[in-house]
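Everything below concerns the one structure shown next.
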Amino acid sequence: PGTSPRTRRKPGEVGPARVGRDLGAEGVAVVPLGGATSIGRFLDVCGPLGLGLPLAGLCDIGEERHFRRHLERVGLGSGLTQAGLEALGFQVCVADLEDELIRALGAEGVQQVIEAQGETRPFHTFQSQPAQRERPVEHQLRRFMGTHSGRKALYAQALVAHLDLARVPRPLERLLTHV
C-alpha cells in the first residue's frame, strides 16, 4: 500500500537491484569493513599487495584521511585529493551514508521508513531525551540510526529501498557507476 509500481520491490531487493544491477552476477562483492579504521587491514588482504582485487567504496568525510593514507601506503596513489579518491572509486560522503540518505529522502520520508520498521515509539522516546530535544530532526534521525548494533545497516537498506531514484545521493550514484 502506498508504494508506486516504479518503486515496488521484492523482499531483500535493494540498492543496485532497483536500478537493474545484480552486483553478485557482475562479480562485485559488497563487503562491510566493520569501521573505517579497518581499511588498512582490508587493503593489505584485498588490495594490490594482497589478492590484487579491484576495489571501490564509500567513506565518511571524517574518515577520509584514513582511506587516503592507506591507499597511498599500498601504492594506489600519492598526495591523493578527494578527486583522486573518487578516481580510484572511493566516494566521500558529506558526513556519512546515513546523512546522505536523510538529505535525499527528507526528514518526513525517513520518519515514514522508521514507521514502516515499527520503530516510531522508540524514535519518539529518543527524541524526548534531554540531549536530543533541541537538535534538528535530521540530526536526531542520524543519531537514532546509530543507537543499536545493526541499526545503521538495517536503515541504510530500508532508506535505499524507499529512495526516489531521481534523488540517489551523489557518492552512492558515483560508486554504482564506478563498479
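Letters A, B, ... go to the chains of the C-alpha cells in the order shown; residues in each chain start at 1; ligands are counted from 1 in the same order.
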
Would you pick out the contacts of Phe123 (chain A) at 10 Å or less, using only C-alpha atoms, so that residues sharing its chain but fewer than 5 positions from it are not included, and give the list as JSON, numbers by chain?
{"A": [111, 114, 115, 118, 128, 140, 141, 144, 145]}

Excluding Gly109 (chain A) and residues on its chain fewer than 6 positions from it, collect all residues at most 12 Å away from it, counting only C-alpha atoms, and give them as JSON, numbers by chain.
{"A": [101, 102, 103, 115, 116, 137, 138, 141, 158, 159, 160, 161, 162, 163, 164]}

So which bits of chain A end up alpha helix (DSSP H) when you DSSP the backbone, as an mmCIF file with N, CA, C and O atoms, in the first residue's frame?
```
data_model
loop_
_atom_site.group_PDB
_atom_site.id
_atom_site.type_symbol
_atom_site.label_atom_id
_atom_site.label_comp_id
_atom_site.auth_asym_id
_atom_site.auth_seq_id
_atom_site.Cartn_x
_atom_site.Cartn_y
_atom_site.Cartn_z
ATOM 1 N N ILE A 39 40.240 -0.177 7.125
ATOM 2 C CA ILE A 39 40.611 -0.068 5.704
ATOM 3 C C ILE A 39 42.036 -0.565 5.454
ATOM 4 O O ILE A 39 42.302 -1.208 4.433
ATOM 5 N N GLY A 40 42.955 -0.302 6.369
ATOM 6 C CA GLY A 40 44.338 -0.737 6.178
ATOM 7 C C GLY A 40 44.446 -2.246 6.076
ATOM 8 O O GLY A 40 45.072 -2.786 5.153
ATOM 9 N N ARG A 41 43.829 -2.947 7.010
ATOM 10 C CA ARG A 41 43.853 -4.415 7.013
ATOM 11 C C ARG A 41 43.157 -4.958 5.762
ATOM 12 O O ARG A 41 43.634 -5.889 5.117
ATOM 13 N N PHE A 42 42.032 -4.339 5.383
ATOM 14 C CA PHE A 42 41.292 -4.761 4.205
ATOM 15 C C PHE A 42 42.150 -4.594 2.944
ATOM 16 O O PHE A 42 42.210 -5.498 2.107
ATOM 17 N N LEU A 43 42.821 -3.457 2.819
ATOM 18 C CA LEU A 43 43.678 -3.231 1.651
ATOM 19 C C LEU A 43 44.859 -4.199 1.631
ATOM 20 O O LEU A 43 45.278 -4.641 0.555
ATOM 21 N N ASP A 44 45.409 -4.524 2.807
ATOM 22 C CA ASP A 44 46.520 -5.482 2.860
ATOM 23 C C ASP A 44 46.088 -6.843 2.313
ATOM 24 O O ASP A 44 46.843 -7.496 1.602
ATOM 25 N N VAL A 45 44.869 -7.253 2.618
ATOM 26 C CA VAL A 45 44.382 -8.566 2.184
ATOM 27 C C VAL A 45 43.891 -8.531 0.735
ATOM 28 O O VAL A 45 44.228 -9.401 -0.065
ATOM 29 N N CYS A 46 43.109 -7.510 0.391
ATOM 30 C CA CYS A 46 42.434 -7.500 -0.911
ATOM 31 C C CYS A 46 43.081 -6.606 -1.955
ATOM 32 O O CYS A 46 42.815 -6.754 -3.141
ATOM 33 N N GLU A 64 38.105 10.151 5.786
ATOM 34 C CA GLU A 64 38.789 10.301 4.501
ATOM 35 C C GLU A 64 40.300 10.181 4.648
ATOM 36 O O GLU A 64 40.974 9.547 3.833
ATOM 37 N N ARG A 65 40.852 10.764 5.696
ATOM 38 C CA ARG A 65 42.315 10.728 5.882
ATOM 39 C C ARG A 65 42.828 9.304 6.054
ATOM 40 O O ARG A 65 43.904 8.961 5.550
ATOM 41 N N HIS A 66 42.070 8.430 6.747
ATOM 42 C CA HIS A 66 42.471 7.023 6.901
ATOM 43 C C HIS A 66 42.523 6.347 5.535
ATOM 44 O O HIS A 66 43.460 5.615 5.231
ATOM 45 N N PHE A 67 41.517 6.596 4.725
ATOM 46 C CA PHE A 67 41.466 5.993 3.400
ATOM 47 C C PHE A 67 42.637 6.490 2.553
ATOM 48 O O PHE A 67 43.324 5.685 1.917
ATOM 49 N N ARG A 68 42.859 7.805 2.539
ATOM 50 C CA ARG A 68 43.979 8.358 1.751
ATOM 51 C C ARG A 68 45.298 7.722 2.167
ATOM 52 O O ARG A 68 46.067 7.268 1.312
ATOM 53 N N ARG A 69 45.572 7.736 3.469
ATOM 54 C CA ARG A 69 46.857 7.238 3.975
ATOM 55 C C ARG A 69 47.059 5.782 3.577
ATOM 56 O O ARG A 69 48.132 5.406 3.074
ATOM 57 N N HIS A 70 46.054 4.950 3.756
ATOM 58 C CA HIS A 70 46.226 3.522 3.466
ATOM 59 C C HIS A 70 46.226 3.225 1.968
ATOM 60 O O HIS A 70 46.961 2.335 1.527
ATOM 61 N N LEU A 71 45.452 3.958 1.196
ATOM 62 C CA LEU A 71 45.503 3.769 -0.258
ATOM 63 C C LEU A 71 46.883 4.151 -0.789
ATOM 64 O O LEU A 71 47.442 3.458 -1.650
ATOM 65 N N GLU A 72 47.442 5.224 -0.268
ATOM 66 C CA GLU A 72 48.789 5.631 -0.674
ATOM 67 C C GLU A 72 49.824 4.606 -0.212
ATOM 68 O O GLU A 72 50.739 4.255 -0.953
ATOM 69 N N ARG A 73 49.665 4.098 0.997
ATOM 70 C CA ARG A 73 50.603 3.126 1.570
ATOM 71 C C ARG A 73 50.700 1.859 0.714
ATOM 72 O O ARG A 73 51.778 1.290 0.556
ATOM 73 N N GLN A 82 40.445 14.566 -2.758
ATOM 74 C CA GLN A 82 39.133 13.937 -2.839
ATOM 75 C C GLN A 82 38.857 13.485 -4.282
ATOM 76 O O GLN A 82 38.333 12.397 -4.503
ATOM 77 N N ALA A 83 39.255 14.289 -5.246
ATOM 78 C CA ALA A 83 39.084 13.904 -6.648
ATOM 79 C C ALA A 83 39.914 12.660 -6.967
ATOM 80 O O ALA A 83 39.476 11.785 -7.724
ATOM 81 N N GLY A 84 41.097 12.567 -6.367
ATOM 82 C CA GLY A 84 41.930 11.384 -6.567
ATOM 83 C C GLY A 84 41.301 10.136 -5.974
ATOM 84 O O GLY A 84 41.358 9.054 -6.577
ATOM 85 N N LEU A 85 40.702 10.289 -4.799
ATOM 86 C CA LEU A 85 39.980 9.167 -4.192
ATOM 87 C C LEU A 85 38.844 8.720 -5.100
ATOM 88 O O LEU A 85 38.652 7.529 -5.332
ATOM 89 N N GLU A 86 38.094 9.697 -5.608
ATOM 90 C CA GLU A 86 36.965 9.378 -6.476
ATOM 91 C C GLU A 86 37.424 8.668 -7.742
ATOM 92 O O GLU A 86 36.767 7.736 -8.197
ATOM 93 N N ALA A 87 38.539 9.087 -8.287
ATOM 94 C CA ALA A 87 39.057 8.441 -9.495
ATOM 95 C C ALA A 87 39.412 6.977 -9.229
ATOM 96 O O ALA A 87 39.280 6.129 -10.114
ATOM 97 N N LEU A 88 39.831 6.680 -7.992
ATOM 98 C CA LEU A 88 40.136 5.298 -7.614
ATOM 99 C C LEU A 88 38.872 4.496 -7.318
ATOM 100 O O LEU A 88 38.923 3.282 -7.166
ATOM 101 N N LEU A 97 26.957 7.929 5.132
ATOM 102 C CA LEU A 97 25.910 7.457 4.228
ATOM 103 C C LEU A 97 24.527 7.780 4.778
ATOM 104 O O LEU A 97 23.635 8.178 4.021
ATOM 105 N N GLU A 98 24.343 7.659 6.091
ATOM 106 C CA GLU A 98 23.042 7.965 6.678
ATOM 107 C C GLU A 98 22.662 9.420 6.422
ATOM 108 O O GLU A 98 21.518 9.713 6.058
ATOM 109 N N ASP A 99 23.609 10.317 6.583
ATOM 110 C CA ASP A 99 23.359 11.738 6.322
ATOM 111 C C ASP A 99 22.958 11.957 4.866
ATOM 112 O O ASP A 99 22.013 12.693 4.575
ATOM 113 N N GLU A 100 23.661 11.311 3.962
ATOM 114 C CA GLU A 100 23.344 11.438 2.532
ATOM 115 C C GLU A 100 21.916 10.967 2.259
ATOM 116 O O GLU A 100 21.160 11.618 1.534
ATOM 117 N N LEU A 101 21.548 9.836 2.843
ATOM 118 C CA LEU A 101 20.216 9.276 2.605
ATOM 119 C C LEU A 101 19.126 10.106 3.276
ATOM 120 O O LEU A 101 18.041 10.278 2.709
ATOM 121 N N ILE A 102 19.396 10.644 4.454
ATOM 122 C CA ILE A 102 18.422 11.503 5.137
ATOM 123 C C ILE A 102 18.163 12.752 4.294
ATOM 124 O O ILE A 102 17.014 13.157 4.105
ATOM 125 N N ARG A 103 19.202 13.351 3.764
ATOM 126 C CA ARG A 103 19.014 14.538 2.916
ATOM 127 C C ARG A 103 18.260 14.188 1.641
ATOM 128 O O ARG A 103 17.427 14.954 1.161
ATOM 129 N N ALA A 104 18.530 13.020 1.083
ATOM 130 C CA ALA A 104 17.864 12.618 -0.166
ATOM 131 C C ALA A 104 16.381 12.336 0.052
ATOM 132 O O ALA A 104 15.552 12.691 -0.792
ATOM 133 N N LEU A 105 16.045 11.699 1.164
ATOM 134 C CA LEU A 105 14.648 11.351 1.449
ATOM 135 C C LEU A 105 13.882 12.463 2.146
ATOM 136 O O LEU A 105 12.663 12.524 2.058
ATOM 137 N N GLY A 106 14.593 13.308 2.859
ATOM 138 C CA GLY A 106 13.945 14.327 3.682
ATOM 139 C C GLY A 106 13.521 13.725 5.007
ATOM 140 O O GLY A 106 13.293 12.509 5.116
ATOM 141 N N ALA A 107 13.414 14.577 6.023
ATOM 142 C CA ALA A 107 13.074 14.104 7.369
ATOM 143 C C ALA A 107 11.751 13.357 7.393
ATOM 144 O O ALA A 107 11.621 12.313 8.039
ATOM 145 N N GLU A 108 10.763 13.856 6.676
ATOM 146 C CA GLU A 108 9.448 13.206 6.663
ATOM 147 C C GLU A 108 9.531 11.810 6.044
ATOM 148 O O GLU A 108 8.962 10.851 6.549
ATOM 149 N N GLY A 109 10.274 11.685 4.947
ATOM 150 C CA GLY A 109 10.439 10.384 4.301
ATOM 151 C C GLY A 109 11.152 9.390 5.201
ATOM 152 O O GLY A 109 10.781 8.215 5.249
ATOM 153 N N VAL A 110 12.154 9.850 5.931
ATOM 154 C CA VAL A 110 12.879 8.964 6.840
ATOM 155 C C VAL A 110 11.966 8.523 7.982
ATOM 156 O O VAL A 110 11.978 7.360 8.387
ATOM 157 N N GLN A 111 11.147 9.433 8.478
ATOM 158 C CA GLN A 111 10.222 9.075 9.552
ATOM 159 C C GLN A 111 9.183 8.056 9.067
ATOM 160 O O GLN A 111 8.748 7.193 9.839
ATOM 161 N N GLN A 112 8.821 8.114 7.804
ATOM 162 C CA GLN A 112 7.930 7.099 7.240
ATOM 163 C C GLN A 112 8.625 5.732 7.231
ATOM 164 O O GLN A 112 7.994 4.699 7.487
ATOM 165 N N VAL A 113 9.918 5.723 6.936
ATOM 166 C CA VAL A 113 10.681 4.469 6.954
ATOM 167 C C VAL A 113 10.761 3.940 8.386
ATOM 168 O O VAL A 113 10.601 2.738 8.614
ATOM 169 N N ILE A 114 10.989 4.829 9.344
ATOM 170 C CA ILE A 114 11.030 4.421 10.751
ATOM 171 C C ILE A 114 9.688 3.812 11.151
ATOM 172 O O ILE A 114 9.637 2.777 11.818
ATOM 173 N N GLU A 115 8.607 4.425 10.701
ATOM 174 C CA GLU A 115 7.270 3.887 10.986
ATOM 175 C C GLU A 115 7.118 2.502 10.364
ATOM 176 O O GLU A 115 6.613 1.572 11.005
ATOM 177 N N ALA A 116 7.559 2.346 9.118
ATOM 178 C CA ALA A 116 7.464 1.052 8.432
ATOM 179 C C ALA A 116 8.294 -0.017 9.146
ATOM 180 O O ALA A 116 7.963 -1.199 9.076
ATOM 181 N N THR A 120 8.561 3.786 15.466
ATOM 182 C CA THR A 120 8.124 5.158 15.744
ATOM 183 C C THR A 120 8.204 5.462 17.232
ATOM 184 O O THR A 120 8.724 6.512 17.631
ATOM 185 N N ARG A 121 7.706 4.564 18.058
ATOM 186 C CA ARG A 121 7.733 4.796 19.509
ATOM 187 C C ARG A 121 9.170 4.927 20.033
ATOM 188 O O ARG A 121 9.472 5.884 20.754
ATOM 189 N N PRO A 122 10.084 4.006 19.696
ATOM 190 C CA PRO A 122 11.469 4.191 20.158
ATOM 191 C C PRO A 122 12.080 5.507 19.655
ATOM 192 O O PRO A 122 12.841 6.154 20.381
ATOM 193 N N PHE A 123 11.738 5.909 18.431
ATOM 194 C CA PHE A 123 12.273 7.171 17.923
ATOM 195 C C PHE A 123 11.740 8.351 18.734
ATOM 196 O O PHE A 123 12.492 9.246 19.101
ATOM 197 N N HIS A 124 10.443 8.355 19.037
ATOM 198 C CA HIS A 124 9.867 9.450 19.840
ATOM 199 C C HIS A 124 10.460 9.462 21.247
ATOM 200 O O HIS A 124 10.715 10.533 21.805
ATOM 201 N N THR A 125 10.699 8.299 21.813
ATOM 202 C CA THR A 125 11.360 8.221 23.121
ATOM 203 C C THR A 125 12.761 8.816 23.026
ATOM 204 O O THR A 125 13.177 9.587 23.890
ATOM 205 N N PHE A 126 13.481 8.463 21.972
ATOM 206 C CA PHE A 126 14.823 9.006 21.743
ATOM 207 C C PHE A 126 14.767 10.531 21.619
ATOM 208 O O PHE A 126 15.572 11.238 22.221
ATOM 209 N N GLN A 127 13.808 11.043 20.846
ATOM 210 C CA GLN A 127 13.672 12.493 20.650
ATOM 211 C C GLN A 127 13.406 13.228 21.957
ATOM 212 O O GLN A 127 13.771 14.392 22.088
ATOM 213 N N VAL A 137 15.666 17.771 13.626
ATOM 214 C CA VAL A 137 15.169 16.407 13.430
ATOM 215 C C VAL A 137 16.126 15.580 12.573
ATOM 216 O O VAL A 137 16.298 14.375 12.807
ATOM 217 N N GLU A 138 16.790 16.196 11.602
ATOM 218 C CA GLU A 138 17.740 15.455 10.763
ATOM 219 C C GLU A 138 18.884 14.886 11.611
ATOM 220 O O GLU A 138 19.344 13.773 11.368
ATOM 221 N N HIS A 139 19.349 15.658 12.593
ATOM 222 C CA HIS A 139 20.414 15.188 13.487
ATOM 223 C C HIS A 139 19.887 14.067 14.388
ATOM 224 O O HIS A 139 20.597 13.092 14.653
ATOM 225 N N GLN A 140 18.663 14.220 14.856
ATOM 226 C CA GLN A 140 18.051 13.177 15.682
ATOM 227 C C GLN A 140 17.933 11.878 14.896
ATOM 228 O O GLN A 140 18.244 10.798 15.414
ATOM 229 N N LEU A 141 17.488 11.981 13.660
ATOM 230 C CA LEU A 141 17.326 10.791 12.817
ATOM 231 C C LEU A 141 18.659 10.077 12.633
ATOM 232 O O LEU A 141 18.758 8.856 12.769
ATOM 233 N N ARG A 142 19.680 10.848 12.327
ATOM 234 C CA ARG A 142 21.002 10.270 12.087
ATOM 235 C C ARG A 142 21.532 9.596 13.346
ATOM 236 O O ARG A 142 22.050 8.480 13.302
ATOM 237 N N ARG A 143 21.394 10.265 14.462
ATOM 238 C CA ARG A 143 21.877 9.711 15.728
ATOM 239 C C ARG A 143 21.071 8.470 16.124
ATOM 240 O O ARG A 143 21.621 7.492 16.611
ATOM 241 N N PHE A 144 19.761 8.501 15.908
ATOM 242 C CA PHE A 144 18.896 7.371 16.232
ATOM 243 C C PHE A 144 19.359 6.109 15.515
ATOM 244 O O PHE A 144 19.352 5.020 16.087
ATOM 245 N N MET A 145 19.784 6.247 14.282
ATOM 246 C CA MET A 145 20.203 5.085 13.500
ATOM 247 C C MET A 145 21.449 4.416 14.063
ATOM 248 O O MET A 145 21.702 3.252 13.793
ATOM 249 N N ARG A 151 21.558 -1.368 13.509
ATOM 250 C CA ARG A 151 20.513 -0.447 13.055
ATOM 251 C C ARG A 151 20.972 0.362 11.843
ATOM 252 O O ARG A 151 20.173 0.632 10.957
ATOM 253 N N LYS A 152 22.249 0.754 11.788
ATOM 254 C CA LYS A 152 22.722 1.524 10.634
ATOM 255 C C LYS A 152 22.561 0.716 9.349
ATOM 256 O O LYS A 152 22.094 1.233 8.346
ATOM 257 N N ALA A 153 22.952 -0.541 9.389
ATOM 258 C CA ALA A 153 22.826 -1.396 8.197
ATOM 259 C C ALA A 153 21.363 -1.596 7.834
ATOM 260 O O ALA A 153 20.993 -1.531 6.657
ATOM 261 N N LEU A 154 20.526 -1.830 8.835
ATOM 262 C CA LEU A 154 19.102 -2.006 8.606
ATOM 263 C C LEU A 154 18.512 -0.779 7.928
ATOM 264 O O LEU A 154 17.800 -0.882 6.927
ATOM 265 N N TYR A 155 18.839 0.405 8.459
ATOM 266 C CA TYR A 155 18.257 1.624 7.911
ATOM 267 C C TYR A 155 18.885 2.024 6.581
ATOM 268 O O TYR A 155 18.197 2.572 5.728
ATOM 269 N N ALA A 156 20.147 1.741 6.382
ATOM 270 C CA ALA A 156 20.735 2.029 5.068
ATOM 271 C C ALA A 156 19.952 1.273 4.002
ATOM 272 O O ALA A 156 19.557 1.833 2.979
ATOM 273 N N GLN A 157 19.685 0.015 4.262
ATOM 274 C CA GLN A 157 18.940 -0.823 3.313
ATOM 275 C C GLN A 157 17.506 -0.314 3.159
ATOM 276 O O GLN A 157 16.995 -0.191 2.044
ATOM 277 N N ALA A 158 16.847 -0.014 4.266
ATOM 278 C CA ALA A 158 15.455 0.438 4.213
ATOM 279 C C ALA A 158 15.333 1.802 3.545
ATOM 280 O O ALA A 158 14.396 2.049 2.775
ATOM 281 N N LEU A 159 16.265 2.704 3.816
ATOM 282 C CA LEU A 159 16.213 4.036 3.205
ATOM 283 C C LEU A 159 16.451 3.962 1.704
ATOM 284 O O LEU A 159 15.763 4.622 0.925
ATOM 285 N N VAL A 160 17.410 3.149 1.296
ATOM 286 C CA VAL A 160 17.669 2.981 -0.144
ATOM 287 C C VAL A 160 16.438 2.402 -0.828
ATOM 288 O O VAL A 160 16.074 2.807 -1.931
ATOM 289 N N ALA A 161 15.764 1.474 -0.157
ATOM 290 C CA ALA A 161 14.575 0.850 -0.744
ATOM 291 C C ALA A 161 13.454 1.859 -0.967
ATOM 292 O O ALA A 161 12.623 1.667 -1.849
ATOM 293 N N ARG A 170 24.864 11.582 -4.482
ATOM 294 C CA ARG A 170 25.989 11.583 -5.415
ATOM 295 C C ARG A 170 27.031 10.497 -5.113
ATOM 296 O O ARG A 170 27.449 9.777 -6.024
ATOM 297 N N PRO A 171 27.498 10.351 -3.850
ATOM 298 C CA PRO A 171 28.511 9.315 -3.618
ATOM 299 C C PRO A 171 28.036 7.909 -3.959
ATOM 300 O O PRO A 171 28.783 7.116 -4.538
ATOM 301 N N LEU A 172 26.796 7.594 -3.647
ATOM 302 C CA LEU A 172 26.262 6.272 -3.950
ATOM 303 C C LEU A 172 26.096 6.074 -5.443
ATOM 304 O O LEU A 172 26.460 5.036 -6.005
ATOM 305 N N GLU A 173 25.589 7.111 -6.123
ATOM 306 C CA GLU A 173 25.434 7.030 -7.570
ATOM 307 C C GLU A 173 26.783 6.858 -8.270
ATOM 308 O O GLU A 173 26.929 6.029 -9.164
ATOM 309 N N ARG A 174 27.788 7.621 -7.824
ATOM 310 C CA ARG A 174 29.118 7.523 -8.429
ATOM 311 C C ARG A 174 29.774 6.169 -8.154
ATOM 312 O O ARG A 174 30.465 5.627 -9.008
ATOM 313 N N LEU A 175 29.535 5.626 -6.968
ATOM 314 C CA LEU A 175 30.074 4.313 -6.648
ATOM 315 C C LEU A 175 29.468 3.248 -7.556
ATOM 316 O O LEU A 175 30.191 2.435 -8.126
ATOM 317 N N LEU A 176 28.154 3.291 -7.709
ATOM 318 C CA LEU A 176 27.497 2.321 -8.595
ATOM 319 C C LEU A 176 27.963 2.469 -10.032
ATOM 320 O O LEU A 176 28.117 1.482 -10.745
ATOM 321 N N THR A 177 28.207 3.700 -10.462
ATOM 322 C CA THR A 177 28.717 3.926 -11.821
ATOM 323 C C THR A 177 30.122 3.358 -11.969
ATOM 324 O O THR A 177 30.459 2.750 -12.979
ATOM 325 N N HIS A 178 30.934 3.516 -10.933
ATOM 326 C CA HIS A 178 32.332 3.047 -10.969
ATOM 327 C C HIS A 178 32.426 1.525 -11.043
ATOM 328 O O HIS A 178 33.244 0.993 -11.790
#
```

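Between CA of Glu119 (chain A) and CA of Val31 (chain A) the separation is 26.8 Å.
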
What are the DSSP strand (DSSP E) residues of region 9-104 of chain A, as a ChimeraX atom specification?
/A:57-60,90-93

Take the residues from that selection and put them in a file with C-alpha atoms, as a tab-separated table (two decimals), in the first residue's frame.
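selection-v9.tsv was written with the following content:
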```tsv
chain	number	residue	atom	x	y	z
A	57	GLY	CA	33.85	2.06	-1.68
A	58	LEU	CA	32.23	4.77	0.37
A	59	CYS	CA	33.81	6.59	3.26
A	60	ASP	CA	32.67	9.23	5.72
A	90	PHE	CA	36.32	5.72	-3.29
A	91	GLN	CA	33.47	8.17	-2.82
A	92	VAL	CA	33.34	10.52	0.16
A	93	CYS	CA	30.00	11.11	1.90
```

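Of note, CA of Gly79 (chain A) and CA of Ala95 (chain A) are spaced 22.1 Å apart.
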
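Relative to CA of Gly146 (chain A), CA of Gly62 (chain A) is found at 15.9 Å.
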
Which polymer residues have any atom within 12 Å of an atom of Gly27 (chain A), counting only C-alpha atoms, with same-chain residues fewer than 3 positions away left out, as a PyMOL selection string?
chain A and resi 21-24+30+53-55+179

Restrict the selected residues to all heavy atoms and save them as a compact mmCIF listing (two decimals), in the first residue's frame.
```txt
# COMPACT_ATOMS: atom_id res chain seq x y z
N ARG A 21 20.67 -3.60 -11.57
CA ARG A 21 22.01 -4.16 -11.42
C ARG A 21 21.97 -5.35 -10.48
O ARG A 21 21.30 -5.32 -9.46
CB ARG A 21 22.97 -3.12 -10.80
CG ARG A 21 23.15 -1.82 -11.54
CD ARG A 21 24.21 -1.83 -12.61
NE ARG A 21 25.50 -2.32 -12.24
CZ ARG A 21 26.52 -1.57 -11.82
NH1 ARG A 21 26.38 -0.27 -11.68
NH2 ARG A 21 27.68 -2.12 -11.54
N ASP A 22 22.69 -6.39 -10.81
CA ASP A 22 22.90 -7.54 -9.93
C ASP A 22 24.40 -7.63 -9.72
O ASP A 22 25.12 -8.23 -10.51
CB ASP A 22 22.35 -8.81 -10.58
CG ASP A 22 22.52 -10.04 -9.70
OD1 ASP A 22 23.27 -9.97 -8.68
OD2 ASP A 22 21.91 -11.06 -10.03
N LEU A 23 24.87 -6.96 -8.67
CA LEU A 23 26.30 -6.86 -8.44
C LEU A 23 26.95 -8.23 -8.28
O LEU A 23 28.06 -8.44 -8.78
CB LEU A 23 26.60 -5.98 -7.22
CG LEU A 23 26.18 -4.52 -7.36
CD1 LEU A 23 26.55 -3.74 -6.10
CD2 LEU A 23 26.79 -3.86 -8.58
N GLY A 24 26.28 -9.17 -7.63
CA GLY A 24 26.83 -10.51 -7.48
C GLY A 24 27.08 -11.18 -8.83
O GLY A 24 28.14 -11.76 -9.06
N VAL A 30 29.97 -6.87 -2.12
CA VAL A 30 29.81 -5.75 -1.20
C VAL A 30 30.21 -6.26 0.18
O VAL A 30 29.57 -7.17 0.72
CB VAL A 30 28.37 -5.20 -1.19
CG1 VAL A 30 28.23 -4.07 -0.19
CG2 VAL A 30 27.98 -4.76 -2.60
N LEU A 53 42.68 -7.40 -5.96
CA LEU A 53 41.32 -7.19 -6.44
C LEU A 53 41.06 -5.72 -6.74
O LEU A 53 41.59 -4.84 -6.05
CB LEU A 53 40.31 -7.66 -5.39
CG LEU A 53 40.39 -9.13 -5.00
CD1 LEU A 53 39.47 -9.41 -3.81
CD2 LEU A 53 40.03 -10.01 -6.18
N PRO A 54 40.24 -5.43 -7.74
CA PRO A 54 39.83 -4.04 -7.94
C PRO A 54 38.91 -3.63 -6.79
O PRO A 54 38.04 -4.41 -6.38
CB PRO A 54 39.08 -4.06 -9.27
CG PRO A 54 38.72 -5.48 -9.51
CD PRO A 54 39.67 -6.33 -8.73
N LEU A 55 39.13 -2.46 -6.23
CA LEU A 55 38.40 -2.03 -5.05
C LEU A 55 37.72 -0.69 -5.27
O LEU A 55 38.20 0.13 -6.06
CB LEU A 55 39.37 -1.91 -3.86
CG LEU A 55 40.16 -3.16 -3.51
CD1 LEU A 55 41.22 -2.83 -2.47
CD2 LEU A 55 39.24 -4.25 -3.02
N VAL A 179 31.58 0.86 -10.28
CA VAL A 179 31.67 -0.61 -10.26
C VAL A 179 30.86 -1.18 -11.41
O VAL A 179 30.94 -2.29 -11.77
CB VAL A 179 31.25 -1.24 -8.91
CG1 VAL A 179 32.16 -0.75 -7.81
CG2 VAL A 179 29.81 -1.01 -8.57
```
